[in-house]
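Printed here is entry19.txt (compact mmCIF, N, CA and C atoms):
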```
# COMPACT_ATOMS: atom_id res chain seq x y z
N MET A 204 18.44 7.51 -32.59
CA MET A 204 17.30 7.48 -33.46
C MET A 204 17.12 8.89 -33.99
N ARG A 205 16.81 8.96 -35.29
CA ARG A 205 16.57 10.26 -35.93
C ARG A 205 15.23 10.21 -36.64
N TRP A 206 14.54 11.37 -36.65
CA TRP A 206 13.27 11.47 -37.36
C TRP A 206 13.05 12.91 -37.75
N THR A 207 12.03 13.11 -38.55
CA THR A 207 11.68 14.44 -39.03
C THR A 207 10.28 14.75 -38.51
N THR A 208 10.10 15.94 -37.93
CA THR A 208 8.80 16.34 -37.41
C THR A 208 7.86 16.68 -38.56
N SER A 209 6.60 16.91 -38.25
CA SER A 209 5.60 17.21 -39.29
C SER A 209 5.91 18.50 -40.03
N ASN A 210 6.65 19.43 -39.38
CA ASN A 210 7.01 20.67 -40.08
C ASN A 210 8.37 20.56 -40.77
N GLY A 211 8.96 19.35 -40.81
CA GLY A 211 10.20 19.11 -41.55
C GLY A 211 11.48 19.30 -40.75
N ALA A 212 11.38 19.62 -39.45
CA ALA A 212 12.58 19.83 -38.64
C ALA A 212 13.18 18.47 -38.24
N PRO A 213 14.49 18.33 -38.39
CA PRO A 213 15.13 17.06 -38.00
C PRO A 213 15.24 16.98 -36.47
N LYS A 214 15.02 15.80 -35.95
CA LYS A 214 15.14 15.55 -34.51
C LYS A 214 15.93 14.28 -34.30
N SER A 215 16.48 14.14 -33.07
CA SER A 215 17.14 12.88 -32.71
C SER A 215 16.91 12.64 -31.23
N GLY A 216 16.97 11.38 -30.83
CA GLY A 216 16.74 11.03 -29.44
C GLY A 216 17.01 9.56 -29.21
N THR A 217 16.72 9.10 -28.02
CA THR A 217 16.93 7.71 -27.66
C THR A 217 15.60 7.09 -27.29
N ALA A 218 15.38 5.88 -27.77
CA ALA A 218 14.15 5.15 -27.45
C ALA A 218 14.50 3.70 -27.20
N LEU A 219 13.77 3.08 -26.28
CA LEU A 219 13.94 1.66 -26.04
C LEU A 219 13.18 0.89 -27.11
N VAL A 220 13.84 -0.11 -27.69
CA VAL A 220 13.20 -0.94 -28.71
C VAL A 220 13.31 -2.39 -28.29
N ALA A 221 12.54 -3.22 -28.94
CA ALA A 221 12.53 -4.65 -28.60
C ALA A 221 13.89 -5.27 -28.88
N THR A 222 14.24 -6.25 -28.05
CA THR A 222 15.49 -6.96 -28.24
C THR A 222 15.46 -7.70 -29.57
N GLY A 223 16.55 -7.69 -30.25
CA GLY A 223 16.64 -8.41 -31.52
C GLY A 223 16.51 -7.49 -32.73
N ASN A 224 16.15 -6.24 -32.55
CA ASN A 224 16.07 -5.31 -33.68
C ASN A 224 17.49 -4.99 -34.12
N LYS A 225 17.68 -4.92 -35.43
CA LYS A 225 18.99 -4.60 -35.98
C LYS A 225 19.21 -3.09 -35.95
N THR A 226 20.45 -2.70 -35.82
CA THR A 226 20.79 -1.28 -35.83
C THR A 226 20.38 -0.69 -37.17
N GLY A 227 19.70 0.44 -37.11
CA GLY A 227 19.27 1.12 -38.32
C GLY A 227 17.93 0.65 -38.86
N ALA A 228 17.35 -0.39 -38.25
CA ALA A 228 16.04 -0.87 -38.72
C ALA A 228 14.97 0.13 -38.32
N PRO A 229 13.97 0.34 -39.17
CA PRO A 229 12.91 1.29 -38.81
C PRO A 229 12.06 0.74 -37.66
N THR A 230 11.58 1.65 -36.84
CA THR A 230 10.70 1.28 -35.72
C THR A 230 9.67 2.39 -35.53
N THR A 231 8.60 2.08 -34.84
CA THR A 231 7.55 3.07 -34.58
C THR A 231 7.67 3.54 -33.14
N VAL A 232 7.64 4.87 -32.95
CA VAL A 232 7.68 5.45 -31.61
C VAL A 232 6.55 6.46 -31.51
N GLY A 233 6.15 6.76 -30.27
CA GLY A 233 5.12 7.77 -30.03
C GLY A 233 5.77 9.11 -29.76
N LEU A 234 5.19 10.17 -30.29
CA LEU A 234 5.70 11.53 -30.08
C LEU A 234 4.60 12.38 -29.46
N ASP A 235 5.01 13.34 -28.62
CA ASP A 235 4.03 14.28 -28.09
C ASP A 235 3.88 15.45 -29.05
N ASP A 236 3.10 16.45 -28.67
CA ASP A 236 2.86 17.59 -29.55
C ASP A 236 4.12 18.37 -29.88
N ALA A 237 5.12 18.32 -28.99
CA ALA A 237 6.36 19.05 -29.22
C ALA A 237 7.37 18.20 -29.99
N GLY A 238 6.99 16.98 -30.38
CA GLY A 238 7.90 16.13 -31.13
C GLY A 238 8.87 15.35 -30.28
N ARG A 239 8.64 15.25 -28.98
CA ARG A 239 9.53 14.48 -28.10
C ARG A 239 9.03 13.04 -28.02
N ILE A 240 9.96 12.11 -27.91
CA ILE A 240 9.61 10.69 -27.80
C ILE A 240 8.90 10.43 -26.48
N GLN A 241 7.81 9.69 -26.56
CA GLN A 241 7.02 9.32 -25.38
C GLN A 241 7.00 7.79 -25.26
N PRO A 242 6.84 7.30 -24.04
CA PRO A 242 6.72 5.85 -23.90
C PRO A 242 5.46 5.35 -24.61
N ALA A 243 5.51 4.11 -25.03
CA ALA A 243 4.37 3.52 -25.72
C ALA A 243 3.20 3.44 -24.74
N PRO A 244 1.98 3.65 -25.22
CA PRO A 244 0.82 3.52 -24.33
C PRO A 244 0.67 2.06 -23.90
N PRO A 245 0.05 1.84 -22.75
CA PRO A 245 -0.10 0.46 -22.28
C PRO A 245 -1.02 -0.35 -23.21
N THR A 246 -0.74 -1.64 -23.28
CA THR A 246 -1.62 -2.52 -24.04
C THR A 246 -2.92 -2.69 -23.24
N ALA A 247 -3.91 -3.32 -23.86
CA ALA A 247 -5.18 -3.54 -23.18
C ALA A 247 -4.98 -4.39 -21.92
N VAL A 248 -4.12 -5.40 -22.00
CA VAL A 248 -3.86 -6.26 -20.84
C VAL A 248 -3.17 -5.46 -19.73
N GLN A 249 -2.18 -4.64 -20.11
CA GLN A 249 -1.49 -3.81 -19.11
C GLN A 249 -2.45 -2.82 -18.47
N ALA A 250 -3.32 -2.22 -19.25
CA ALA A 250 -4.28 -1.24 -18.72
C ALA A 250 -5.23 -1.93 -17.74
N ARG A 251 -5.73 -3.13 -18.08
CA ARG A 251 -6.61 -3.86 -17.17
C ARG A 251 -5.87 -4.23 -15.89
N SER A 252 -4.62 -4.67 -16.02
CA SER A 252 -3.84 -5.04 -14.84
C SER A 252 -3.61 -3.83 -13.93
N GLN A 253 -3.27 -2.70 -14.54
CA GLN A 253 -3.05 -1.49 -13.75
C GLN A 253 -4.35 -1.04 -13.09
N GLY A 254 -5.46 -1.14 -13.82
CA GLY A 254 -6.76 -0.78 -13.25
C GLY A 254 -7.13 -1.68 -12.08
N ALA A 255 -6.87 -2.97 -12.24
CA ALA A 255 -7.18 -3.92 -11.16
C ALA A 255 -6.31 -3.64 -9.94
N ALA A 256 -5.03 -3.32 -10.18
CA ALA A 256 -4.12 -3.02 -9.06
C ALA A 256 -4.55 -1.75 -8.32
N VAL A 257 -4.92 -0.72 -9.06
CA VAL A 257 -5.37 0.53 -8.44
C VAL A 257 -6.68 0.29 -7.68
N GLY A 258 -7.59 -0.49 -8.29
CA GLY A 258 -8.85 -0.80 -7.62
C GLY A 258 -8.64 -1.58 -6.34
N ALA A 259 -7.73 -2.56 -6.38
CA ALA A 259 -7.44 -3.35 -5.18
C ALA A 259 -6.81 -2.48 -4.09
N ALA A 260 -5.91 -1.59 -4.49
CA ALA A 260 -5.27 -0.70 -3.51
C ALA A 260 -6.31 0.25 -2.89
N ALA A 261 -7.20 0.78 -3.70
CA ALA A 261 -8.24 1.68 -3.18
C ALA A 261 -9.18 0.91 -2.25
N SER A 262 -9.50 -0.30 -2.62
CA SER A 262 -10.37 -1.14 -1.79
C SER A 262 -9.70 -1.43 -0.44
N ALA A 263 -8.43 -1.80 -0.50
CA ALA A 263 -7.70 -2.08 0.74
C ALA A 263 -7.62 -0.82 1.61
N GLY A 264 -7.39 0.32 0.97
CA GLY A 264 -7.35 1.58 1.71
C GLY A 264 -8.67 1.86 2.41
N GLY A 265 -9.77 1.61 1.72
CA GLY A 265 -11.08 1.80 2.33
C GLY A 265 -11.32 0.85 3.48
N CYS A 266 -10.83 -0.39 3.31
CA CYS A 266 -10.99 -1.39 4.38
C CYS A 266 -10.17 -1.04 5.62
N VAL A 267 -9.11 -0.29 5.45
CA VAL A 267 -8.30 0.15 6.59
C VAL A 267 -8.86 1.46 7.15
N LEU A 268 -9.30 2.32 6.28
CA LEU A 268 -9.77 3.65 6.70
C LEU A 268 -11.05 3.57 7.54
N ALA A 269 -12.01 2.76 7.12
CA ALA A 269 -13.28 2.70 7.85
C ALA A 269 -13.09 2.22 9.29
N PRO A 270 -12.42 1.09 9.54
CA PRO A 270 -12.22 0.68 10.94
C PRO A 270 -11.32 1.67 11.70
N GLY A 271 -10.39 2.29 11.00
CA GLY A 271 -9.53 3.28 11.65
C GLY A 271 -10.32 4.47 12.15
N CYS A 272 -11.24 4.96 11.32
CA CYS A 272 -12.10 6.08 11.75
C CYS A 272 -12.98 5.65 12.91
N TRP A 273 -13.53 4.43 12.84
CA TRP A 273 -14.36 3.93 13.93
C TRP A 273 -13.55 3.88 15.23
N TRP A 274 -12.33 3.37 15.16
CA TRP A 274 -11.50 3.24 16.36
C TRP A 274 -11.18 4.61 16.96
N VAL A 275 -10.80 5.56 16.12
CA VAL A 275 -10.48 6.91 16.61
C VAL A 275 -11.71 7.52 17.28
N SER A 276 -12.87 7.38 16.65
CA SER A 276 -14.11 7.91 17.24
C SER A 276 -14.39 7.24 18.58
N ARG A 277 -14.22 5.94 18.63
CA ARG A 277 -14.48 5.19 19.87
C ARG A 277 -13.57 5.66 21.00
N VAL A 278 -12.28 5.83 20.72
CA VAL A 278 -11.33 6.28 21.74
C VAL A 278 -11.71 7.67 22.23
N ARG A 279 -12.04 8.57 21.32
CA ARG A 279 -12.41 9.93 21.73
C ARG A 279 -13.68 9.94 22.57
N LEU A 280 -14.68 9.16 22.17
CA LEU A 280 -15.92 9.09 22.94
C LEU A 280 -15.68 8.46 24.31
N ASP A 281 -14.84 7.42 24.38
CA ASP A 281 -14.53 6.79 25.67
C ASP A 281 -13.83 7.77 26.60
N ARG A 282 -12.89 8.53 26.08
CA ARG A 282 -12.19 9.52 26.92
C ARG A 282 -13.17 10.56 27.44
N HIS A 283 -14.08 10.99 26.59
CA HIS A 283 -15.09 11.97 27.01
C HIS A 283 -15.98 11.37 28.11
N ARG A 284 -16.40 10.12 27.91
CA ARG A 284 -17.26 9.47 28.90
C ARG A 284 -16.52 9.29 30.22
N TRP A 285 -15.24 8.89 30.16
CA TRP A 285 -14.46 8.73 31.40
C TRP A 285 -14.32 10.06 32.14
N ALA A 286 -14.13 11.15 31.40
CA ALA A 286 -14.03 12.48 32.02
C ALA A 286 -15.36 12.85 32.68
N GLN A 287 -16.48 12.50 32.04
CA GLN A 287 -17.79 12.76 32.64
C GLN A 287 -17.95 11.96 33.94
N TRP A 288 -17.54 10.70 33.93
CA TRP A 288 -17.62 9.89 35.15
C TRP A 288 -16.77 10.49 36.26
N ASP A 289 -15.56 10.92 35.93
CA ASP A 289 -14.69 11.54 36.94
C ASP A 289 -15.35 12.77 37.56
N ARG A 290 -15.93 13.63 36.70
CA ARG A 290 -16.60 14.83 37.21
C ARG A 290 -17.79 14.45 38.08
N ALA A 291 -18.55 13.45 37.66
CA ALA A 291 -19.72 13.03 38.43
C ALA A 291 -19.30 12.47 39.79
N TRP A 292 -18.25 11.66 39.84
CA TRP A 292 -17.79 11.12 41.13
C TRP A 292 -17.23 12.23 42.02
N ASP A 293 -16.52 13.18 41.43
CA ASP A 293 -16.01 14.31 42.22
C ASP A 293 -17.17 15.10 42.83
N GLU A 294 -18.20 15.33 42.05
CA GLU A 294 -19.37 16.06 42.55
C GLU A 294 -20.09 15.25 43.64
N PHE A 295 -20.21 13.96 43.43
CA PHE A 295 -20.85 13.09 44.41
C PHE A 295 -20.07 13.10 45.73
N ASP A 296 -18.74 12.99 45.64
CA ASP A 296 -17.90 13.00 46.85
C ASP A 296 -18.00 14.35 47.56
N ALA A 297 -18.09 15.43 46.82
CA ALA A 297 -18.17 16.76 47.43
C ALA A 297 -19.45 16.94 48.21
N HIS A 298 -20.52 16.33 47.80
CA HIS A 298 -21.81 16.46 48.49
C HIS A 298 -21.97 15.47 49.62
N GLN A 299 -21.13 14.49 49.73
CA GLN A 299 -21.27 13.48 50.77
C GLN A 299 -20.70 13.94 52.11
N GLY A 300 -19.80 14.88 52.09
CA GLY A 300 -19.20 15.37 53.34
C GLY A 300 -18.50 14.25 54.09
N HIS A 301 -17.59 13.61 53.43
CA HIS A 301 -16.85 12.50 54.03
C HIS A 301 -16.15 12.93 55.32
N ARG A 302 -16.26 12.07 56.31
CA ARG A 302 -15.53 12.32 57.56
C ARG A 302 -14.39 11.34 57.60
N HIS A 303 -13.26 11.86 57.93
CA HIS A 303 -12.08 11.00 58.04
C HIS A 303 -11.76 10.80 59.50
N ALA A 304 -11.56 9.57 59.89
CA ALA A 304 -11.29 9.26 61.30
C ALA A 304 -9.85 9.53 61.65
```

Now, as a test, write the supplied structure out as structure tokens.
Amino acid sequence: MRWTTSNGAPKSGTALVATGNKTGAPTTVGLDDAGRIQPAPPTAVQARSQGAAVGAAASAGGCVLAPGCWWVSRVRLDRHRWAQWDRAWDEFDAHQGHRHA
């Protein structure tokens, strides 16, 4: 594919076109500020689909993250509580003066 930039410089490149287009037939492509071919922007349907997919993924991530944080907090608090119980029992045993027969 060949084209001329806004300042008159000739350019060439490769672009994907719809099946069935004849060789040499004119087509419309998107260019960036430097005159390079860019992919076509998504259609409204594609944009909605991509938005829905990203929203669903973010929602699923939140649904996994919240219980995950709860579980990690629960495990840490349980370990702390178990350590407190161990210290309390050790202190209790130390004050009892157990006699062994």

Centre, x/y/z edge lengths, axis-aligned box for range 232-247 of chain A with 6 Å per side, as JSON:
```
{"center_x": 2.4, "center_y": 7.3, "center_z": -27.4, "size_x": 27.1, "size_y": 35.4, "size_z": 23.0}
```

**OP:** Could you check how far atom N of Ala218 in chain A sits from atom N of Met204 in chain A, in Å to one decimal?
**Re:**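 Answer for the atom N of Ala218 in chain A to atom N of Met204 in chain A separation: 5.9 Å.
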
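Taking atom C of Phe295 in chain A and atom C of Arg282 in chain A as the two end points, the separation is 19.7 Å.
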
**OP:** Could you jot down the atom N of Thr207 in chain A to CA of Asn224 in chain A separation for me, Å, one decimal place?
**Re:**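 Separation of atom N of Thr207 in chain A and CA of Asn224 in chain A: 19.5 Å.
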
**OP:** Would you mind writing down, as JSON, numbers by chain, each residue of chain A that DSSP on the backbone assigns to helix (DSSP H, G or I)?
**Re:** {"A": [247, 248, 249, 250, 251, 252, 253, 254, 255, 256, 257, 258, 259, 260, 261, 262, 263, 264, 265, 266, 267, 268, 269, 270, 271, 272, 273, 274, 275, 276, 277, 278, 279, 280, 281, 282, 283, 284, 285, 286, 287, 288, 289, 290, 291, 292, 293, 294, 295, 296, 297, 298, 299]}

Subject >> Residue neighbourhood Gly233 in chain A, 6.5 Å, only N, CA and C atoms, exclusion window fewer than 3 positions, as a list of chain:residue names >> reply: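 The neighbour list is A:Arg239, A:Ile240, A:Gln241, A:Pro242, A:Ala243.
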